[in-house]
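The file my_file.txt comes next; it holds compact mmCIF, C-alpha atoms (C1' of nucleotides).
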```txt
# COMPACT_ATOMS: atom_id res chain seq x y z
CA MET A 271 0.00 0.00 0.00
CA THR A 272 1.25 3.46 -0.89
CA GLU A 273 1.53 6.04 1.84
CA ARG A 274 1.35 9.66 0.72
CA LEU A 275 2.98 12.40 2.72
CA LYS A 276 2.82 16.09 1.87
CA ILE A 277 5.31 18.30 3.68
CA ALA A 278 5.37 22.11 3.57
CA SER A 279 7.90 24.68 4.76
CA TRP A 280 7.33 28.43 5.15
CA ASN A 281 9.24 31.34 6.67
CA ILE A 282 6.17 33.09 8.02
CA ASN A 283 7.74 36.25 9.53
CA SER A 284 5.56 36.22 12.66
CA VAL A 285 3.05 33.39 13.00
CA ARG A 286 0.70 35.53 15.10
CA TYR A 287 0.61 38.47 12.68
CA ARG A 288 0.03 36.11 9.74
CA ILE A 289 -2.27 33.51 11.28
CA ASP A 290 -5.01 34.27 8.71
CA ILE A 291 -2.89 33.48 5.65
CA VAL A 292 -1.38 30.41 7.36
CA GLY A 293 -4.92 29.14 7.86
CA ARG A 294 -5.83 29.87 4.26
CA PHE A 295 -2.74 28.02 3.03
CA LEU A 296 -3.48 24.98 5.20
CA LYS A 297 -7.09 24.86 3.97
CA GLU A 298 -6.16 25.20 0.31
CA GLU A 299 -3.02 23.06 0.20
CA ALA A 300 -3.77 20.65 3.07
CA PRO A 301 -0.23 19.45 3.77
CA ASP A 302 0.19 16.70 6.38
CA ILE A 303 2.98 18.67 8.03
CA LEU A 304 3.96 22.35 7.99
CA CYS A 305 7.41 23.50 9.12
CA LEU A 306 7.50 27.18 10.09
CA GLN A 307 10.47 29.53 10.50
CA GLU A 308 10.60 33.01 12.04
CA THR A 309 7.58 32.40 14.22
CA LYS A 310 8.72 35.32 16.43
CA VAL A 311 6.84 34.14 19.50
CA VAL A 312 7.61 32.52 22.83
CA ASP A 313 6.11 29.05 23.16
CA GLU A 314 3.57 30.21 25.77
CA LEU A 315 1.95 32.59 23.26
CA PHE A 316 1.95 30.32 20.19
CA PRO A 317 -1.51 30.42 18.48
CA HIS A 318 -2.34 26.76 19.09
CA GLU A 319 -6.12 27.12 18.65
CA ALA A 320 -6.03 28.14 14.97
CA PHE A 321 -3.92 25.11 14.04
CA HIS A 322 -5.88 22.71 16.22
CA ALA A 323 -9.13 23.84 14.59
CA LEU A 324 -7.72 22.90 11.17
CA GLY A 325 -6.74 19.42 12.29
CA TYR A 326 -3.09 20.11 13.07
CA SER A 327 -3.26 18.61 16.51
CA HIS A 328 0.45 17.73 16.81
CA ARG A 329 2.61 20.77 17.37
CA LEU A 330 6.22 21.08 18.47
CA LEU A 331 7.76 24.45 19.19
CA HIS A 332 11.14 26.03 19.60
CA GLY A 333 10.40 29.69 20.02
CA GLN A 334 11.94 32.68 21.71
CA ARG A 335 11.07 36.31 22.39
CA MET A 336 11.24 38.84 19.52
CA HIS A 337 13.15 37.03 16.81
CA HIS A 338 13.74 33.71 15.08
CA GLY A 339 11.76 30.71 16.34
CA VAL A 340 10.70 27.52 14.52
CA ALA A 341 7.76 25.14 14.81
CA ILE A 342 6.33 21.99 13.25
CA VAL A 343 2.55 21.54 13.08
CA SER A 344 1.17 18.23 11.88
CA ARG A 345 -1.82 15.98 11.31
CA VAL A 346 0.40 12.94 11.91
CA PRO A 347 2.13 12.21 15.21
CA LEU A 348 5.57 13.71 15.81
CA ILE A 349 7.96 11.83 18.04
CA GLU A 350 11.48 12.06 19.44
CA ASP A 351 11.84 15.77 18.94
CA ASP A 352 15.09 17.61 19.52
CA ARG A 353 16.43 21.13 19.28
CA LEU A 354 20.01 21.69 18.17
CA ASP A 355 22.01 24.91 18.56
CA TRP A 356 24.26 25.14 15.52
CA GLN A 357 25.20 28.71 16.32
CA ALA A 358 26.09 27.90 19.94
CA ASN A 359 24.33 31.04 21.18
CA GLN A 360 20.94 29.73 22.35
CA GLU A 361 18.96 31.19 19.44
CA ALA A 362 15.89 29.14 18.46
CA ARG A 363 16.72 28.04 14.94
CA HIS A 364 16.13 24.28 14.76
CA ILE A 365 13.60 21.65 15.64
CA GLY A 366 13.71 18.05 14.44
CA VAL A 367 11.35 15.11 14.79
CA ARG A 368 10.93 11.47 13.89
CA LEU A 369 7.84 10.66 11.84
CA PRO A 370 5.70 7.53 12.29
CA ASN A 371 7.27 5.99 9.14
CA GLY A 372 10.74 6.25 10.68
CA LEU A 373 11.98 9.25 8.70
CA ARG A 374 13.52 12.24 10.39
CA LEU A 375 12.27 15.71 9.54
CA GLU A 376 14.62 18.59 10.39
CA ASN A 377 13.41 22.20 10.27
CA VAL A 378 16.09 24.91 10.27
CA TYR A 379 16.36 28.70 10.13
CA VAL A 380 19.91 29.60 9.10
CA PRO A 381 20.99 33.08 10.29
CA ALA A 382 20.73 35.84 7.70
CA GLY A 383 24.31 36.97 8.33
CA GLY A 384 24.04 40.76 8.44
CA ASP A 385 24.93 43.22 5.70
CA VAL A 386 28.70 43.00 5.17
CA PRO A 387 30.08 39.74 3.73
CA ASP A 388 33.24 39.85 5.84
CA ALA A 389 33.57 37.92 9.10
CA GLU A 390 36.17 40.40 10.44
CA LEU A 391 33.97 43.45 9.94
CA ASN A 392 30.67 41.70 10.60
CA PRO A 393 30.55 38.98 13.28
CA LYS A 394 27.10 37.90 12.13
CA PHE A 395 28.55 36.77 8.82
CA GLY A 396 31.09 34.61 10.63
CA GLN A 397 28.33 33.18 12.83
CA LYS A 398 26.34 32.25 9.72
CA LEU A 399 29.33 30.40 8.23
CA ALA A 400 29.99 28.67 11.57
CA PHE A 401 26.35 27.63 11.74
CA VAL A 402 26.56 25.96 8.33
CA GLU A 403 29.87 24.31 9.28
CA ARG A 404 28.33 22.86 12.47
CA MET A 405 25.39 21.62 10.41
CA THR A 406 27.90 19.93 8.11
CA ARG A 407 29.55 18.12 11.04
CA TRP A 408 26.07 16.95 12.12
CA SER A 409 25.11 15.96 8.58
CA GLU A 410 28.27 13.87 8.07
CA GLY A 411 27.20 11.52 10.83
CA LEU A 412 23.61 11.03 9.71
CA THR A 413 22.49 7.48 9.10
CA THR A 414 18.70 7.86 9.33
CA PRO A 415 16.82 8.77 6.11
CA THR A 416 16.07 12.46 6.56
CA ILE A 417 14.19 15.39 5.08
CA LEU A 418 15.87 18.74 5.79
CA VAL A 419 13.81 21.86 5.14
CA GLY A 420 13.80 25.52 5.98
CA ASP A 421 15.09 29.00 5.32
CA PHE A 422 18.77 28.41 4.53
CA ASN A 423 19.29 32.11 3.69
CA ILE A 424 21.63 31.11 0.86
CA ALA A 425 20.79 31.10 -2.86
CA PRO A 426 23.39 28.68 -4.24
CA LEU A 427 22.99 28.70 -8.03
CA GLU A 428 23.36 31.54 -10.53
CA CYS A 429 19.75 30.99 -11.54
CA ASP A 430 18.64 31.14 -7.89
CA VAL A 431 18.86 34.96 -7.94
CA TRP A 432 17.55 37.66 -10.27
CA SER A 433 21.09 38.83 -11.08
CA HIS A 434 24.08 36.65 -10.30
CA LYS A 435 26.53 39.48 -11.10
CA GLN A 436 24.78 42.09 -8.98
CA LEU A 437 24.42 39.77 -5.99
CA LEU A 438 27.95 38.33 -5.85
CA ASP A 439 28.79 40.71 -2.98
CA VAL A 440 25.37 40.55 -1.36
CA VAL A 441 25.02 38.32 1.70
CA SER A 442 23.01 35.22 0.67
CA HIS A 443 24.79 34.70 -2.67
CA THR A 444 28.50 35.28 -1.95
CA PRO A 445 30.95 32.59 -3.13
CA VAL A 446 32.03 31.80 0.47
CA GLU A 447 28.44 31.08 1.53
CA VAL A 448 27.74 29.07 -1.61
CA ALA A 449 30.89 27.00 -0.97
CA ALA A 450 29.84 26.35 2.65
CA LEU A 451 26.40 25.21 1.50
CA ALA A 452 27.99 22.96 -1.14
CA ARG A 453 30.07 21.25 1.60
CA LEU A 454 26.89 20.71 3.62
CA GLN A 455 25.12 19.23 0.63
CA ALA A 456 28.06 16.94 -0.22
CA SER A 457 28.33 15.69 3.37
CA HIS A 458 25.19 13.57 3.01
CA GLN A 459 24.66 13.69 -0.76
CA TRP A 460 21.53 15.70 -0.04
CA VAL A 461 19.15 15.94 -2.99
CA ASP A 462 17.96 19.51 -3.63
CA LEU A 463 14.29 18.77 -4.31
CA GLY A 464 13.59 22.21 -5.76
CA ARG A 465 16.19 21.72 -8.47
CA HIS A 466 15.23 18.06 -8.87
CA PHE A 467 11.82 19.21 -10.07
CA VAL A 468 12.85 22.53 -11.68
CA PRO A 469 16.34 21.95 -13.11
CA PRO A 470 18.67 24.89 -13.83
CA PRO A 471 18.33 27.35 -15.41
CA GLY A 472 14.62 27.29 -14.63
CA ARG A 473 13.33 30.30 -12.70
CA LEU A 474 12.72 29.37 -9.06
CA TYR A 475 12.53 32.02 -6.29
CA THR A 476 11.13 31.78 -2.76
CA TRP A 477 11.75 35.30 -1.42
CA TRP A 478 11.10 38.86 -2.66
CA SER A 479 12.06 41.93 -0.61
CA TYR A 480 9.36 44.05 1.01
CA ARG A 481 11.24 47.10 -0.19
CA ALA A 482 10.47 46.76 -3.87
CA LYS A 483 7.74 49.10 -5.07
CA ASP A 484 6.17 46.23 -7.02
CA TRP A 485 7.73 42.89 -6.13
CA ALA A 486 6.07 41.03 -9.02
CA ALA A 487 6.95 43.61 -11.68
CA SER A 488 10.62 43.95 -10.67
CA ASP A 489 10.82 40.22 -9.81
CA ARG A 490 14.09 40.59 -7.94
CA GLY A 491 13.69 37.24 -6.26
CA ARG A 492 16.07 34.84 -4.56
CA ARG A 493 15.77 31.11 -3.75
CA LEU A 494 16.61 31.20 -0.04
CA ASP A 495 14.28 28.43 1.12
CA HIS A 496 14.99 24.80 0.44
CA MET A 497 13.82 21.22 0.85
CA TRP A 498 16.55 18.61 0.80
CA ALA A 499 16.27 14.83 1.24
CA SER A 500 18.56 11.84 1.74
CA PRO A 501 19.01 10.06 -1.62
CA GLN A 502 16.87 7.10 -0.54
CA VAL A 503 14.06 9.49 0.48
CA ALA A 504 14.31 11.73 -2.58
CA ARG A 505 13.47 8.72 -4.77
CA HIS A 506 9.99 8.86 -3.26
CA ALA A 507 9.35 12.54 -4.00
CA VAL A 508 6.55 12.74 -6.57
CA ALA A 509 5.69 16.46 -6.70
CA HIS A 510 7.11 19.80 -5.63
CA LYS A 511 5.58 23.26 -5.68
CA VAL A 512 6.69 26.76 -4.69
CA HIS A 513 3.54 28.73 -3.88
CA GLU A 514 4.51 32.05 -5.42
CA ASP A 515 0.89 33.20 -5.33
CA CYS A 516 1.09 33.53 -1.53
CA ARG A 517 3.44 36.53 -1.95
CA ALA A 518 0.44 38.49 -3.30
CA TRP A 519 -1.92 37.58 -0.44
CA LEU A 520 -3.00 40.20 2.11
CA LYS A 521 -0.30 40.96 4.68
CA PRO A 522 2.16 38.54 3.04
CA SER A 523 5.39 37.12 4.36
CA ASP A 524 8.40 38.07 2.22
CA HIS A 525 8.95 34.30 1.80
CA VAL A 526 6.54 31.86 0.13
CA PRO A 527 5.77 28.26 1.13
CA LEU A 528 7.36 25.19 -0.48
CA VAL A 529 5.60 21.83 -0.67
CA THR A 530 6.91 18.38 -1.53
CA GLU A 531 4.72 15.32 -1.82
CA PHE A 532 6.17 11.87 -1.19
CA ALA A 533 4.77 8.44 -2.04
CA PHE A 534 6.22 5.58 0.00
C1' DA B 138 20.86 55.65 -2.31
C1' DT B 139 23.94 55.77 5.45
C1' DG B 140 17.57 54.44 0.53
C1' DA B 141 12.94 51.95 0.02
C1' DC B 142 9.60 48.06 3.86
C1' DT B 143 8.05 45.16 7.78
C1' DT B 144 7.85 43.14 12.45
C1' DC B 145 8.59 43.12 17.63
C1' DC B 146 8.17 45.47 21.90
C1' DG B 147 5.64 48.78 23.88
C1' DT B 148 3.80 53.17 23.23
C1' DA B 149 9.21 55.97 20.60
C1' DG B 150 12.17 54.39 17.84
C1' DG B 151 15.95 50.84 17.65
C1' DA B 152 17.02 46.19 16.09
C1' DA B 153 16.71 42.82 12.71
C1' DG B 154 15.60 40.95 8.47
C1' DA B 155 18.57 39.70 3.63
```

Rewrite the structure of this file - the entire thing - as structure tokens.
Amino acid sequence: MTERLKIASWNINSVRYRIDIVGRFLKEEAPDILCLQETKVVDELFPHEAFHALGYSHRLLHGQRMHHGVAIVSRVPLIEDDRLDWQANQEARHIGVRLPNGLRLENVYVPAGGDVPDAELNPKFGQKLAFVERMTRWSEGLTTPTILVGDFNIAPLECDVWSHKQLLDVVSHTPVEVAALARLQASHQWVDLGRHFVPPPGRLYTWWSYRAKDWAASDRGRRLDHMWASPQVARHAVAHKVHEDCRAWLKPSDHVPLVTEFAF
DNA sequence: ATGACTTCCGTAGGAAGA
């Protein structure tokens, strides 16, 4: 018998401020599991009721005051959860679980890294690189089939940004970040599901700045959000969609949700 | 463009996003 599993990931930029569009997305797309980043809420104030009402009765949180914060909400049970600190500074940027079918699902929010792409001048940039390096050490030791999703805050390919040339010195697309992400990917032979379904040079963006006068007209997008899978899991991926339409919804996040459907 | 916009916290405006 085939088991279908639809997993979504979305940097929501405040789950409380955007609870209406999260609800709309869950109703329309009906994923089994939604991984959220930038929830921006302490666990005590997480809007449980809205998710429970839509059937997402399993919820695991790793939030903090003001910034960052991740969560997994699900219609299927979530077990053996853990929260890793790849920046070694107590920021809430990861939550992982085991699913009933034995897979691991890891939800991560990689630090943005500040403005200046120089670790000497900008400590946040160094912290971002260290975060990805610690993730790589973790990834090297993985033996369980895993799905790794989230806001990686790095657009690795030339076609992952609106202008490769103009973004070479812009944090998120610098060669040093791209190289760090490539080492992470190689450490487990992670399959980039976005590019599995939309091969280069196909247009595929997940983020558009709030600062553009007309985000759709200028289309200065970047692919900062990703869904990766262990090779033996990626074989079961049957569909993938980036919900660009959500960027035009009322009170949008600057990121849009990604969805992958698996058939086991 | 030391730029534009958005959120949190808290009730002004700084910090952070990327």

*Considering only C-alpha atoms (C1' of nucleotides), state which residue in the set A:Asn283, A:Thr406, A:Thr476, A:Gln357 is at the smallest distance from chain B.*
A:Asn283

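Protein and nucleic acid residues near (16.1, 43.4, 17.8) are Lys310, Arg335, Met336, His337 and His338 of chain A; DT144, DC145, DC146, DG150, DG151, DA152, DA153 and DG154 of chain B, the criterion being any atom at most 12 Å away using only C-alpha atoms (C1' of nucleotides).
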
Give the centre and edge lengths of an axis-aligned box, in Å to one decimal, that holds all listed atoms of region 147-154 of chain B with 4 Å on each side, as JSON.
```
{"center_x": 10.4, "center_y": 48.5, "center_z": 16.2, "size_x": 21.2, "size_y": 23.0, "size_z": 23.4}
```

Give me, as a PDB file with C-alpha atoms, keeping the file's coordinate frame, the contact residues of chain A against chain B at a cut-off of 12 Å, counting all atoms listed in the file.
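So result24.pdb came out as:
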```pdb
ATOM      1  CA  ASN A 281       9.240  31.340   6.670  1.00  0.00           C
ATOM      2  CA  ILE A 282       6.170  33.090   8.020  1.00  0.00           C
ATOM      3  CA  ASN A 283       7.740  36.250   9.530  1.00  0.00           C
ATOM      4  CA  SER A 284       5.560  36.220  12.660  1.00  0.00           C
ATOM      5  CA  VAL A 285       3.050  33.390  13.000  1.00  0.00           C
ATOM      6  CA  ARG A 286       0.700  35.530  15.100  1.00  0.00           C
ATOM      7  CA  TYR A 287       0.610  38.470  12.680  1.00  0.00           C
ATOM      8  CA  ARG A 288       0.030  36.110   9.740  1.00  0.00           C
ATOM      9  CA  GLU A 308      10.600  33.010  12.040  1.00  0.00           C
ATOM     10  CA  THR A 309       7.580  32.400  14.220  1.00  0.00           C
ATOM     11  CA  LYS A 310       8.720  35.320  16.430  1.00  0.00           C
ATOM     12  CA  VAL A 311       6.840  34.140  19.500  1.00  0.00           C
ATOM     13  CA  VAL A 312       7.610  32.520  22.830  1.00  0.00           C
ATOM     14  CA  GLN A 334      11.940  32.680  21.710  1.00  0.00           C
ATOM     15  CA  ARG A 335      11.070  36.310  22.390  1.00  0.00           C
ATOM     16  CA  MET A 336      11.240  38.840  19.520  1.00  0.00           C
ATOM     17  CA  HIS A 337      13.150  37.030  16.810  1.00  0.00           C
ATOM     18  CA  HIS A 338      13.740  33.710  15.080  1.00  0.00           C
ATOM     19  CA  VAL A 380      19.910  29.600   9.100  1.00  0.00           C
ATOM     20  CA  PRO A 381      20.990  33.080  10.290  1.00  0.00           C
ATOM     21  CA  ALA A 382      20.730  35.840   7.700  1.00  0.00           C
ATOM     22  CA  GLY A 383      24.310  36.970   8.330  1.00  0.00           C
ATOM     23  CA  GLY A 384      24.040  40.760   8.440  1.00  0.00           C
ATOM     24  CA  ASP A 385      24.930  43.220   5.700  1.00  0.00           C
ATOM     25  CA  VAL A 386      28.700  43.000   5.170  1.00  0.00           C
ATOM     26  CA  PRO A 387      30.080  39.740   3.730  1.00  0.00           C
ATOM     27  CA  LYS A 394      27.100  37.900  12.130  1.00  0.00           C
ATOM     28  CA  PHE A 395      28.550  36.770   8.820  1.00  0.00           C
ATOM     29  CA  ASP A 421      15.090  29.000   5.320  1.00  0.00           C
ATOM     30  CA  PHE A 422      18.770  28.410   4.530  1.00  0.00           C
ATOM     31  CA  ASN A 423      19.290  32.110   3.690  1.00  0.00           C
ATOM     32  CA  ILE A 424      21.630  31.110   0.860  1.00  0.00           C
ATOM     33  CA  ALA A 425      20.790  31.100  -2.860  1.00  0.00           C
ATOM     34  CA  LEU A 437      24.420  39.770  -5.990  1.00  0.00           C
ATOM     35  CA  VAL A 440      25.370  40.550  -1.360  1.00  0.00           C
ATOM     36  CA  VAL A 441      25.020  38.320   1.700  1.00  0.00           C
ATOM     37  CA  SER A 442      23.010  35.220   0.670  1.00  0.00           C
ATOM     38  CA  HIS A 443      24.790  34.700  -2.670  1.00  0.00           C
ATOM     39  CA  TRP A 477      11.750  35.300  -1.420  1.00  0.00           C
ATOM     40  CA  TRP A 478      11.100  38.860  -2.660  1.00  0.00           C
ATOM     41  CA  SER A 479      12.060  41.930  -0.610  1.00  0.00           C
ATOM     42  CA  TYR A 480       9.360  44.050   1.010  1.00  0.00           C
ATOM     43  CA  ARG A 481      11.240  47.100  -0.190  1.00  0.00           C
ATOM     44  CA  ALA A 482      10.470  46.760  -3.870  1.00  0.00           C
ATOM     45  CA  LYS A 483       7.740  49.100  -5.070  1.00  0.00           C
ATOM     46  CA  ASP A 484       6.170  46.230  -7.020  1.00  0.00           C
ATOM     47  CA  TRP A 485       7.730  42.890  -6.130  1.00  0.00           C
ATOM     48  CA  GLY A 491      13.690  37.240  -6.260  1.00  0.00           C
ATOM     49  CA  ARG A 492      16.070  34.840  -4.560  1.00  0.00           C
ATOM     50  CA  ARG A 493      15.770  31.110  -3.750  1.00  0.00           C
ATOM     51  CA  LEU A 494      16.610  31.200  -0.040  1.00  0.00           C
ATOM     52  CA  LYS A 521      -0.300  40.960   4.680  1.00  0.00           C
ATOM     53  CA  PRO A 522       2.160  38.540   3.040  1.00  0.00           C
ATOM     54  CA  SER A 523       5.390  37.120   4.360  1.00  0.00           C
ATOM     55  CA  ASP A 524       8.400  38.070   2.220  1.00  0.00           C
ATOM     56  CA  HIS A 525       8.950  34.300   1.800  1.00  0.00           C
TER      57      HIS A 525
END
```

*Pick from A:Arg490, A:Arg453, A:Arg473, A:His458 nearest to Leu427 (chain A), counting all atoms listed in the file*: A:Arg473

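We find CA of Ala341 (chain A) and CA of Arg329 (chain A) to be spaced 7.2 Å apart.
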
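Considering the residues A:Leu375, A:Glu298, A:Gly293, A:Leu399 and counting only C-alpha atoms, Thr444 (chain A) has its shortest atom-to-atom contact with A:Leu399.
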
_One number please: CA of Leu275 (chain A) to CA of Phe532 (chain A), in Å, one decimal._
5.1 Å

_Neighbouring residues of Val378 (chain A) were defined as those with any atom within 7 Å, considering only C-alpha atoms (C1' of nucleotides); residues of the same chain fewer than 4 positions away were excluded. Please report them as an MDAnalysis selection string._
chainID A and resid 363:365 419:421

*Excluding Leu454 (chain A) and any residue of its chain fewer than 6 positions from it, enumerate the residues within 12 Å of it, using all atoms listed in the file, and give them as a list in words.*
Leu399, Ala400, Phe401, Val402, Glu403, Arg404, Met405, Thr406, Arg407, Trp408, Ser409, Glu410, Gly411, Leu412, Leu418, Phe422, Ile424, Pro426, Glu447, Val448, Trp460, Val461, Asp462 and Trp498 of chain A

Using the selection just defined, write its residues with C-alpha atoms as a compact mmCIF listing (two decimals), in the coordinates of the input.
```
# COMPACT_ATOMS: atom_id res chain seq x y z
CA LEU A 399 29.33 30.40 8.23
CA ALA A 400 29.99 28.67 11.57
CA PHE A 401 26.35 27.63 11.74
CA VAL A 402 26.56 25.96 8.33
CA GLU A 403 29.87 24.31 9.28
CA ARG A 404 28.33 22.86 12.47
CA MET A 405 25.39 21.62 10.41
CA THR A 406 27.90 19.93 8.11
CA ARG A 407 29.55 18.12 11.04
CA TRP A 408 26.07 16.95 12.12
CA SER A 409 25.11 15.96 8.58
CA GLU A 410 28.27 13.87 8.07
CA GLY A 411 27.20 11.52 10.83
CA LEU A 412 23.61 11.03 9.71
CA LEU A 418 15.87 18.74 5.79
CA PHE A 422 18.77 28.41 4.53
CA ILE A 424 21.63 31.11 0.86
CA PRO A 426 23.39 28.68 -4.24
CA GLU A 447 28.44 31.08 1.53
CA VAL A 448 27.74 29.07 -1.61
CA TRP A 460 21.53 15.70 -0.04
CA VAL A 461 19.15 15.94 -2.99
CA ASP A 462 17.96 19.51 -3.63
CA TRP A 498 16.55 18.61 0.80
```

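Picture a line from CA of Val529 (chain A) to CA of Ala450 (chain A); it runs 24.9 Å.
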
_6 Å contact set for Leu528 (chain A), only C-alpha atoms (C1' of nucleotides), chain neighbours under 6 positions out, as a PyMOL selection string_ = chain A and resi 278-279+511-512

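Residues of protein, DNA and RNA with at least one atom no farther than 10 Å from (15.4, 8.8, 15.9) are, using only C-alpha atoms (C1' of nucleotides), Ile349, Glu350, Asp351, Asp352, Gly366, Val367, Arg368, Leu369, Gly372, Leu373, Arg374, Leu375, Thr413, Thr414 and Pro415 of chain A.
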